[in-house]
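K.L.:
Have a look at the structure that comes next, please.
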Amino acid sequence: MENPRIRAIELDENLNSYLSVSSYKIGKYTFEPTNQLLKFQAESTKLTNKETYLLALFAANADKLIERKFMQRTIWKDDSYLTSRTMDVYICKLRKLLSKDSEINIINVHGKGYKFLF
């Protein structure tokens with residue numbers, strides 16, 4: 001199991017503050033970053049570390065443009081092409097996890113980044 005103290009030291013200060021929130025209400029979902037859980041009605045899904053970091057970044061910055069390079073540096077500490085493709089895979093996973101609420105959208109702003117709308 002991951003040591004939360006090590007995780008906290010390695011993460012960006014802003015991301016750490018987003019992860020310390022007890023829960024976010026995202027449309028019909030409840031997201032608990034400290035437990036790495038995404039809840040929809042009676043169903044709970046355990047998220048990976050990267051899914052949790054990415055969703056916390058989106059939830060804390062809803063309706064705002066989040067620049068792609070900022071996301072890569074904040075979560076992966078790297079903004080290379082490989083990291084970019086990896087991030088795209090995680091965003092695709094989040095879209096699937098959040099698909100039960102049609103009001104939730106992760107919008108790609110071409111050449112800039114993403115907006116998380118709900």
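Please note that chains go A, B, ... in the order of the structure tokens, that every chain numbers its residues from 1, and that ligands are numbered from 1 in the order shown.
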Find the spatial neighbours of stretch 15-18 of chain A, counting only C-alpha atoms, within a cut-off of 10 Å - ignore same-chain residues fewer than 6 positions away - and output them as an NGL selection string.
P.N.:
:A and (7-9 or 24 or 33-34 or 53-61 or 74-75)
K.L.:
Please save N, CA and C atoms of the selected residues as a PDB file, in the first residue's frame.
P.N.:
ATOM      1  N   ARG A   7       3.426  10.354  -0.708  1.00  0.00           N
ATOM      2  CA  ARG A   7       2.609  10.886  -1.795  1.00  0.00           C
ATOM      3  C   ARG A   7       2.438  12.393  -1.627  1.00  0.00           C
ATOM      4  N   ALA A   8       2.154  12.848  -0.421  1.00  0.00           N
ATOM      5  CA  ALA A   8       1.933  14.268  -0.159  1.00  0.00           C
ATOM      6  C   ALA A   8       3.190  15.087  -0.435  1.00  0.00           C
ATOM      7  N   ILE A   9       4.345  14.566  -0.100  1.00  0.00           N
ATOM      8  CA  ILE A   9       5.602  15.288  -0.324  1.00  0.00           C
ATOM      9  C   ILE A   9       5.889  15.421  -1.809  1.00  0.00           C
ATOM     10  N   TYR A  24     -16.314  15.941  -3.320  1.00  0.00           N
ATOM     11  CA  TYR A  24     -16.805  16.863  -4.344  1.00  0.00           C
ATOM     12  C   TYR A  24     -18.114  16.288  -4.873  1.00  0.00           C
ATOM     13  N   PRO A  33     -11.798  12.147  -2.765  1.00  0.00           N
ATOM     14  CA  PRO A  33     -10.379  11.979  -3.104  1.00  0.00           C
ATOM     15  C   PRO A  33      -9.561  11.289  -2.024  1.00  0.00           C
ATOM     16  N   THR A  34      -9.865  11.539  -0.753  1.00  0.00           N
ATOM     17  CA  THR A  34      -9.069  10.926   0.313  1.00  0.00           C
ATOM     18  C   THR A  34      -9.236   9.411   0.349  1.00  0.00           C
ATOM     19  N   TYR A  53      -5.923  11.920  -8.938  1.00  0.00           N
ATOM     20  CA  TYR A  53      -5.253  13.219  -9.104  1.00  0.00           C
ATOM     21  C   TYR A  53      -5.923  14.030 -10.208  1.00  0.00           C
ATOM     22  N   LEU A  54      -6.172  13.368 -11.328  1.00  0.00           N
ATOM     23  CA  LEU A  54      -6.763  14.053 -12.476  1.00  0.00           C
ATOM     24  C   LEU A  54      -8.183  14.523 -12.172  1.00  0.00           C
ATOM     25  N   LEU A  55      -8.985  13.671 -11.551  1.00  0.00           N
ATOM     26  CA  LEU A  55     -10.359  14.058 -11.229  1.00  0.00           C
ATOM     27  C   LEU A  55     -10.389  15.165 -10.178  1.00  0.00           C
ATOM     28  N   ALA A  56      -9.478  15.131  -9.213  1.00  0.00           N
ATOM     29  CA  ALA A  56      -9.401  16.200  -8.207  1.00  0.00           C
ATOM     30  C   ALA A  56      -9.038  17.524  -8.877  1.00  0.00           C
ATOM     31  N   LEU A  57      -8.109  17.488  -9.816  1.00  0.00           N
ATOM     32  CA  LEU A  57      -7.724  18.696 -10.554  1.00  0.00           C
ATOM     33  C   LEU A  57      -8.916  19.240 -11.338  1.00  0.00           C
ATOM     34  N   PHE A  58      -9.655  18.364 -12.002  1.00  0.00           N
ATOM     35  CA  PHE A  58     -10.841  18.785 -12.744  1.00  0.00           C
ATOM     36  C   PHE A  58     -11.928  19.317 -11.808  1.00  0.00           C
ATOM     37  N   ALA A  59     -12.236  18.571 -10.745  1.00  0.00           N
ATOM     38  CA  ALA A  59     -13.325  18.950  -9.842  1.00  0.00           C
ATOM     39  C   ALA A  59     -13.063  20.296  -9.175  1.00  0.00           C
ATOM     40  N   ALA A  60     -11.829  20.543  -8.800  1.00  0.00           N
ATOM     41  CA  ALA A  60     -11.480  21.798  -8.120  1.00  0.00           C
ATOM     42  C   ALA A  60     -11.440  22.979  -9.084  1.00  0.00           C
ATOM     43  N   ASN A  61     -11.368  22.694 -10.373  1.00  0.00           N
ATOM     44  CA  ASN A  61     -11.271  23.752 -11.380  1.00  0.00           C
ATOM     45  C   ASN A  61     -12.385  23.646 -12.416  1.00  0.00           C
ATOM     46  N   THR A  74       1.881  18.892 -13.356  1.00  0.00           N
ATOM     47  CA  THR A  74       1.332  18.759 -12.010  1.00  0.00           C
ATOM     48  C   THR A  74       1.186  17.298 -11.606  1.00  0.00           C
ATOM     49  N   ILE A  75       0.701  16.469 -12.499  1.00  0.00           N
ATOM     50  CA  ILE A  75       0.411  15.076 -12.153  1.00  0.00           C
ATOM     51  C   ILE A  75       1.560  14.128 -12.501  1.00  0.00           C
TER      52      ILE A  75
END
K.L.:
So which residues of chain A fall under strand (DSSP E or B) by DSSP, listed as a compact mmCIF listing (two decimals) with C-alpha atoms, in the first residue's frame?
P.N.:
# COMPACT_ATOMS: atom_id res chain seq x y z
CA TYR A 24 -16.80 16.86 -4.34
CA LYS A 25 -20.32 16.75 -5.77
CA ILE A 26 -19.94 16.21 -9.52
CA TYR A 29 -21.64 11.57 -8.57
CA THR A 30 -19.82 12.04 -5.29
CA PHE A 31 -16.04 11.96 -5.46
CA GLU A 32 -14.04 11.28 -2.30
CA LEU A 37 -13.75 6.62 -4.46
CA LEU A 38 -16.22 7.71 -7.10
CA LYS A 39 -19.81 7.04 -6.02
CA PHE A 40 -22.94 6.89 -8.13
CA GLU A 43 -22.27 1.94 -6.57
CA SER A 44 -18.68 2.80 -5.59
CA THR A 45 -15.67 2.64 -7.88
CA LYS A 46 -12.12 2.62 -6.52
CA LEU A 65 -9.65 26.00 -18.81
CA ILE A 66 -6.85 23.81 -17.47
CA GLU A 67 -3.82 23.93 -19.70
CA ASN A 105 -18.42 16.71 -20.00
CA ILE A 106 -14.65 16.83 -20.30
CA ILE A 107 -14.18 19.18 -23.23
CA ASN A 108 -10.98 19.26 -25.24
CA VAL A 109 -10.04 22.86 -26.10
CA GLY A 113 -6.19 21.99 -22.65
CA TYR A 114 -9.45 20.84 -21.11
CA LYS A 115 -12.60 22.15 -19.45
CA PHE A 116 -14.58 20.05 -16.98
CA LEU A 117 -18.28 20.91 -17.14
K.L.:
Report, in Å to a single decimal, how far apart atom CA of A:Ala62 and atom CA of A:Phe118 are.
P.N.:
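Those two atoms sit 7.7 Å apart.
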K.L.:
As a PyMOL selection string, list the residues of stretch 2-116 of chain A assigned to alpha helix (DSSP H) by DSSP on the backbone atoms of this structure.
P.N.:
chain A and resi 4-10+13-19+49-60+68-76+81-97
K.L.:
Report the distance between atom CA of A:Glu51 and atom CA of A:Lys112 in Å, rounded to one decimal place.
P.N.:
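Separation of atom CA of A:Glu51 and atom CA of A:Lys112: 20.6 Å.
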K.L.:
If I take atom CA of A:Leu47 and atom CA of A:Ser80, how far is one from the other in Å, to one decimal?
P.N.:
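One can read the atom CA of A:Leu47 to atom CA of A:Ser80 distance as 24.2 Å.
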K.L.:
I want to know what sits within 10 Å of A:Met87, based on only C-alpha atoms, with residues of the same chain fewer than 6 positions away left out; could you give that as a list in words?
P.N.:
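Once the nearby chain positions are removed, what remains is Lys50, Glu51, Leu54, Arg68, Met71, Gln72, Ile75, Trp76, Asp79, Tyr81 and Lys93 of chain A.
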K.L.:
Under the rule that only C-alpha atoms are counted, which of A:Asp78, A:Ser20, A:Thr48, A:Ile104 is the nearest residue to A:Asp63?
P.N.:
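Smallest separation from A:Asp63 among the options: A:Ile104.
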